[in-house]
Each structure stands twice: as structure tokens, then as C-alpha cells.
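Source file: start_34.csv (CSV, C-alpha atoms and all ligand atoms)
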chain,number,residue,atom,x,y,z
A,1,MET,CA,5.4,51.2,25.1
A,2,ASN,CA,3.7,48.0,26.1
A,3,ARG,CA,6.0,45.1,25.4
A,4,ARG,CA,3.3,42.5,25.8
A,5,TRP,CA,2.0,43.2,22.4
A,6,PRO,CA,3.7,40.8,20.0
A,7,LEU,CA,5.5,42.2,17.0
A,8,THR,CA,5.1,39.5,14.4
A,9,TYR,CA,7.2,38.6,11.5
A,10,ARG,CA,4.5,39.7,9.1
A,11,MET,CA,4.2,43.0,10.8
A,12,THR,CA,7.9,43.6,10.4
A,13,GLN,CA,7.5,43.0,6.7
A,14,ILE,CA,5.0,45.7,6.3
A,15,LEU,CA,6.9,48.1,8.6
A,16,SER,CA,10.3,47.6,7.0
A,17,GLY,CA,9.3,46.9,3.4
A,18,HIS,CA,11.5,43.9,3.4
A,19,GLY,CA,9.4,40.9,2.6
A,20,CYS,CA,6.8,39.6,0.2
A,21,PHE,CA,6.6,42.7,-2.1
A,22,GLY,CA,7.5,42.9,-5.7
A,23,ARG,CA,10.0,45.7,-5.3
A,24,TYR,CA,11.9,43.8,-2.6
A,25,LEU,CA,11.6,40.5,-4.4
A,26,CYS,CA,13.0,42.0,-7.6
A,27,HIS,CA,15.7,44.4,-6.4
A,28,VAL,CA,16.9,42.9,-3.1
A,29,ALA,CA,16.0,39.2,-3.1
A,30,ARG,CA,16.3,39.0,-6.9
A,31,LYS,CA,13.6,36.3,-7.1
A,32,GLU,CA,11.2,38.2,-9.4
A,33,PRO,CA,11.9,39.7,-12.8
A,34,THR,CA,9.8,42.8,-12.2
A,35,THR,CA,8.7,45.0,-9.3
A,36,GLY,CA,5.0,44.6,-10.2
A,37,CYS,CA,2.1,43.6,-8.0
A,38,HIS,CA,0.8,40.2,-8.7
A,39,GLU,CA,-2.4,40.9,-7.0
A,40,CYS,CA,-3.6,43.9,-9.0
A,41,GLY,CA,-1.1,44.3,-11.9
A,42,GLY,CA,0.2,47.6,-10.5
A,43,VAL,CA,3.7,48.5,-11.7
A,44,GLU,CA,5.4,48.7,-8.3
A,45,ASP,CA,4.5,46.5,-5.3
A,46,THR,CA,5.8,47.9,-2.1
A,47,ALA,CA,4.8,47.7,1.6
A,48,GLN,CA,3.0,51.0,1.1
A,49,HIS,CA,1.2,49.8,-2.0
A,50,THR,CA,0.0,46.7,0.0
A,51,LEU,CA,-1.0,48.8,2.9
A,52,ASP,CA,-2.6,51.7,1.2
A,53,GLU,CA,-3.4,51.2,-2.4
A,54,CYS,CA,-3.7,47.6,-3.6
A,55,PRO,CA,-7.4,46.9,-4.5
A,56,ALA,CA,-6.9,43.2,-3.8
A,57,PHE,CA,-6.9,44.0,0.0
A,58,GLU,CA,-9.8,46.5,0.0
A,59,SER,CA,-11.9,44.6,2.5
A,60,GLU,CA,-9.0,44.0,5.0
A,61,ARG,CA,-8.1,47.7,4.6
A,62,ARG,CA,-11.6,48.8,5.4
A,63,VAL,CA,-11.4,46.9,8.7
A,64,LEU,CA,-8.1,48.5,9.5
A,65,THR,CA,-9.0,52.1,8.7
A,66,ARG,CA,-12.2,51.8,10.8
A,67,ILE,CA,-9.8,51.5,13.8
A,68,VAL,CA,-6.7,53.4,12.9
A,69,GLY,CA,-8.2,56.1,10.6
A,70,ASP,CA,-7.7,56.8,6.9
A,71,ASP,CA,-4.0,57.9,7.2
A,72,LEU,CA,-2.1,54.8,6.5
A,73,SER,CA,1.3,56.4,6.2
A,74,LEU,CA,3.9,54.5,8.2
A,75,PRO,CA,4.7,57.2,10.7
A,76,ASN,CA,1.0,57.6,11.5
A,77,LEU,CA,0.4,53.9,11.7
A,78,VAL,CA,3.3,53.4,14.1
A,79,ARG,CA,2.0,56.3,16.2
A,80,ARG,CA,-1.4,54.7,16.4
A,81,MET,CA,0.0,51.2,17.1
A,82,ILE,CA,2.1,52.3,20.1
A,83,SER,CA,-0.7,54.4,21.6
A,84,SER,CA,-3.4,51.9,21.6
A,85,GLU,CA,-3.6,48.1,21.9
A,86,ARG,CA,-6.7,48.1,19.7
A,87,SER,CA,-4.8,49.7,16.8
A,88,TRP,CA,-1.8,47.4,17.4
A,89,LEU,CA,-4.1,44.4,17.1
A,90,ALA,CA,-5.8,45.9,14.0
A,91,VAL,CA,-2.5,46.4,12.3
A,92,SER,CA,-1.4,42.9,13.4
A,93,SER,CA,-4.4,41.2,11.9
A,94,PHE,CA,-4.2,43.2,8.7
A,95,CYS,CA,-0.6,42.2,8.3
A,96,GLU,CA,-1.2,38.5,9.1
A,97,GLU,CA,-4.1,38.2,6.6
A,98,VAL,CA,-2.6,40.2,3.8
A,99,ILE,CA,1.0,38.9,4.0
A,100,SER,CA,-0.1,35.3,4.4
A,101,ARG,CA,-2.1,35.6,1.2
A,102,LYS,CA,0.9,37.2,-0.6
A,103,GLU,CA,3.2,34.5,0.8
A,104,ALA,CA,0.9,31.7,-0.5
A,105,ALA,CA,0.8,33.4,-3.9
A,106,GLU,CA,4.6,33.6,-3.9
A,107,ARG,CA,5.0,30.0,-3.0
A,108,GLU,CA,2.6,29.1,-5.8
A,109,ARG,CA,4.7,31.1,-8.3
A,110,GLU,CA,7.9,29.6,-6.9
A,111,SER,CA,6.6,26.1,-7.7
A,112,ASP,CA,5.7,27.1,-11.2
A,113,ARG,CA,9.2,28.4,-11.9
A,114,PRO,CA,11.6,26.4,-14.0
A,115,ALA,CA,14.0,24.3,-12.0
A,116,SER,CA,17.0,26.3,-13.2
A,117,LEU,CA,15.6,29.3,-11.4
A,118,ARG,CA,14.5,27.5,-8.4
A,119,ARG,CA,17.9,26.0,-7.8
A,120,ARG,CA,19.1,29.5,-6.7
A,121,ARG,CA,17.1,29.1,-3.6
A,122,ALA,CA,19.0,26.0,-2.5
A,123,ARG,CA,22.3,27.8,-2.4
A,124,PRO,CA,23.5,28.5,1.2
A,125,ARG,CA,23.6,32.2,0.7
A,126,GLY,CA,20.4,32.4,-1.4
A,127,GLY,CA,18.1,35.2,-0.5
A,128,GLY,CA,15.1,33.1,0.7
A,129,VAL,CA,12.2,35.2,1.6
A,130,PRO,CA,10.6,34.9,4.1
A,131,ASN,CA,12.5,31.9,5.5
A,132,SER,CA,16.0,33.3,5.8
A,133,ALA,CA,15.1,37.0,6.0
A,134,PRO,CA,16.0,38.5,9.3
A,135,LEU,CA,13.2,38.8,11.8
A,136,TYR,CA,14.0,42.4,12.6
A,137,PRO,CA,15.4,43.8,9.3
A,138,PRO,CA,16.6,47.4,8.9
A,139,LEU,CA,13.7,49.8,8.7
A,140,GLY,CA,12.6,51.8,5.7
A,141,PRO,CA,13.3,55.5,5.0
A,142,GLY,CA,12.5,57.7,7.9
A,143,PHE,CA,13.7,55.3,10.5
A,144,HIS,CA,17.1,54.7,12.1
A,145,ASN,CA,18.5,51.7,10.5
A,146,THR,CA,20.2,50.1,13.5
A,147,GLY,CA,19.5,47.1,15.7
A,148,THR,CA,18.4,43.7,14.8
A,149,ASN,CA,17.0,42.5,18.1
A,150,LYS,CA,13.4,43.1,19.1
A,151,ALA,CA,14.0,45.6,21.8
A,152,GLN,CA,16.2,47.8,19.6
A,153,TRP,CA,13.8,47.4,16.7
A,154,ILE,CA,10.9,48.6,18.7
A,155,GLU,CA,13.0,51.5,20.2
A,156,ASN,CA,13.7,52.6,16.6
A,157,LEU,CA,10.0,52.7,15.9
A,158,THR,CA,9.3,54.8,19.0
A,159,ASP,CA,12.2,57.1,18.4
A,160,ASN,CA,10.6,58.4,15.3
A,161,ARG,CA,7.4,59.7,16.8
B,201,ZN,ZN,-1.5,45.6,-6.0
Give the structure from this file in C-alpha cells form.
Ligand SMILES: [Zn+2]
Amino acid sequence: MNRRWPLTYRMTQILSGHGCFGRYLCHVARKEPTTGCHECGGVEDTAQHTLDECPAFESERRVLTRIVGDDLSLPNLVRRMISSERSWLAVSSFCEEVISRKEAAERERESDRPASLRRRRARPRGGGVPNSAPLYPPLGPGFHNTGTNKAQWIENLTDNR
């Protein structure tokens, strides 16, 4: 594992499912009334939906699959990422582009929300995403959910090969 390759906050969102996704925003952060995808109207927006299905990110996905192949399941993606710097960078730029668009859209919705709902965010323990989300959150199904520092987090990825 080459530790020089940076693992960005937006990559961890895709890899862990904790981030700017309807299901997470609805069930965990409780900031959205539904789990739906705001980009395409799909009923459940998850990291996998964003990565593999959402038509809104078709062109970014085409760039990604040209480098990592058509299998965008997480285990395969992680395998590709840790075996080649080119794949790592392809995943990294996909995550940056796509998640920053989703974040911008979420901020937009946030500012349209009635003040009574927005106040929740100002509470000290409010589940702000992405600002107060842990940088290395527990990983999704199929990964060991331990460790919140970067080294442990990457170990957990590599353990599951
Ligand atoms: Zn979608």
C-alpha cells in the first residue's frame, strides 16, 4: 500500500456510504425527509447508487470505468485503487467531482429550507454533514468497522481484499 496517495474526505464518503447521500441524510443525519436521489429522482440514493447507477453522473462514470473497468462494486474498486496509482487517482477525481456537485446541491436545499428546520443544524450535537462528520467514518457492510485514524482506516480497506 502506497501511503503517498491521499485519501480525501470525498473518497471516504463514497467508500463508507456516510456522506452526501439521500439514505444517509435521511436515516442517519436526519436532514432529509426521504432517501431519494435529488439528481435523478431514484427512490434510494446511496454511495453505490452514486457510483454505479445515477444517470446524473454518467460522463464522470465513463471516465472512471475506462480506467478501473466496469465492475464498480466496492470490493473491486478498492482492489483496483490499492493496486494502481492510476486507478486510485481515477477514483479520487470521480469522488471529488461527483460529491462536490452533490454537496453544492445539498447546500442549496439547505438554504431553501424553513428556518425552523435549519435551526437544528446550529445545535452543538447536530448532525452536520459534511462539516462535523468524522473524516474516517466506520466503513459499510463487508468491512471491519474499527479505527478512526487514517492508518487504521486504510488497513481496514486492505484487510478485505
Ligand atoms: Zn440518482
Report the closest atom pair, with its distance in Å rounded to one decimal, for each residue of chain A that has an atom no farther than 12 Å from ligand ZN 201 (chain B); count all atoms listed in the file, sort by chain and then rising residue number, and write it as JSON lines.
{"residue": "A:Cys20", "atom": "CA", "partner": "B:ZN201", "partner_atom": "ZN", "distance": 12.0}
{"residue": "A:Phe21", "atom": "CA", "partner": "B:ZN201", "partner_atom": "ZN", "distance": 9.4}
{"residue": "A:Gly22", "atom": "CA", "partner": "B:ZN201", "partner_atom": "ZN", "distance": 9.4}
{"residue": "A:Arg23", "atom": "CA", "partner": "B:ZN201", "partner_atom": "ZN", "distance": 11.5}
{"residue": "A:Thr35", "atom": "CA", "partner": "B:ZN201", "partner_atom": "ZN", "distance": 10.7}
{"residue": "A:Gly36", "atom": "CA", "partner": "B:ZN201", "partner_atom": "ZN", "distance": 7.8}
{"residue": "A:Cys37", "atom": "CA", "partner": "B:ZN201", "partner_atom": "ZN", "distance": 4.6}
{"residue": "A:His38", "atom": "CA", "partner": "B:ZN201", "partner_atom": "ZN", "distance": 6.5}
{"residue": "A:Glu39", "atom": "CA", "partner": "B:ZN201", "partner_atom": "ZN", "distance": 4.9}
{"residue": "A:Cys40", "atom": "CA", "partner": "B:ZN201", "partner_atom": "ZN", "distance": 4.0}
{"residue": "A:Gly41", "atom": "CA", "partner": "B:ZN201", "partner_atom": "ZN", "distance": 6.1}
{"residue": "A:Gly42", "atom": "CA", "partner": "B:ZN201", "partner_atom": "ZN", "distance": 5.2}
{"residue": "A:Val43", "atom": "CA", "partner": "B:ZN201", "partner_atom": "ZN", "distance": 8.2}
{"residue": "A:Glu44", "atom": "CA", "partner": "B:ZN201", "partner_atom": "ZN", "distance": 7.9}
{"residue": "A:Asp45", "atom": "CA", "partner": "B:ZN201", "partner_atom": "ZN", "distance": 6.1}
{"residue": "A:Thr46", "atom": "CA", "partner": "B:ZN201", "partner_atom": "ZN", "distance": 8.6}
{"residue": "A:Ala47", "atom": "CA", "partner": "B:ZN201", "partner_atom": "ZN", "distance": 10.1}
{"residue": "A:Gln48", "atom": "CA", "partner": "B:ZN201", "partner_atom": "ZN", "distance": 10.0}
{"residue": "A:His49", "atom": "CA", "partner": "B:ZN201", "partner_atom": "ZN", "distance": 6.4}
{"residue": "A:Thr50", "atom": "CA", "partner": "B:ZN201", "partner_atom": "ZN", "distance": 6.3}
{"residue": "A:Leu51", "atom": "CA", "partner": "B:ZN201", "partner_atom": "ZN", "distance": 9.5}
{"residue": "A:Asp52", "atom": "CA", "partner": "B:ZN201", "partner_atom": "ZN", "distance": 9.5}
{"residue": "A:Glu53", "atom": "CA", "partner": "B:ZN201", "partner_atom": "ZN", "distance": 6.9}
{"residue": "A:Cys54", "atom": "CA", "partner": "B:ZN201", "partner_atom": "ZN", "distance": 3.8}
{"residue": "A:Pro55", "atom": "CA", "partner": "B:ZN201", "partner_atom": "ZN", "distance": 6.2}
{"residue": "A:Ala56", "atom": "CA", "partner": "B:ZN201", "partner_atom": "ZN", "distance": 6.3}
{"residue": "A:Phe57", "atom": "CA", "partner": "B:ZN201", "partner_atom": "ZN", "distance": 8.2}
{"residue": "A:Glu58", "atom": "CA", "partner": "B:ZN201", "partner_atom": "ZN", "distance": 10.3}
{"residue": "A:Val98", "atom": "CA", "partner": "B:ZN201", "partner_atom": "ZN", "distance": 11.2}
{"residue": "A:Lys102", "atom": "CA", "partner": "B:ZN201", "partner_atom": "ZN", "distance": 10.3}
Practice task
Please indicate the distance in Å from atom CA of Trp5 of chain A to atom CA of Arg62 of chain A, rounded to one decimal place.
Solution key: 22.5 Å
Practice task
Using atom CA of Leu15 of chain A and atom CA of Leu74 of chain A as the two end points, give the distance in Å to one decimal.
Solution key: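 Separation of atom CA of Leu15 of chain A and atom CA of Leu74 of chain A: 7.1 Å.
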Exercise for the section: Rounded to one decimal place, report the atom CA of Leu25 of chain A-atom CA of Tyr9 of chain A distance in Å. Expected result: 16.6 Å
Practice task
Could you tell me which of A:Arg86, A:Arg79, A:His27, A:Arg113 comes closest to Ile67 of chain A if we count only C-alpha atoms?
Solution key: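 With only C-alpha atoms as the atom set, the closest residue is A:Arg86.
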Problem - Proximity to Pro75 of chain A - best of A:Ser93, A:Thr8, A:Ser16, A:Thr34, all atoms listed in the file - result: A:Ser16
Practice task
Select, from A:Val91, A:Ile82, A:Ala105, A:Ile99, the residue with the minimum atom-to-atom distance to Gly17 of chain A, counting only C-alpha atoms.
Solution key: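 Of all the options, A:Ile99 lies closest to Gly17 of chain A.
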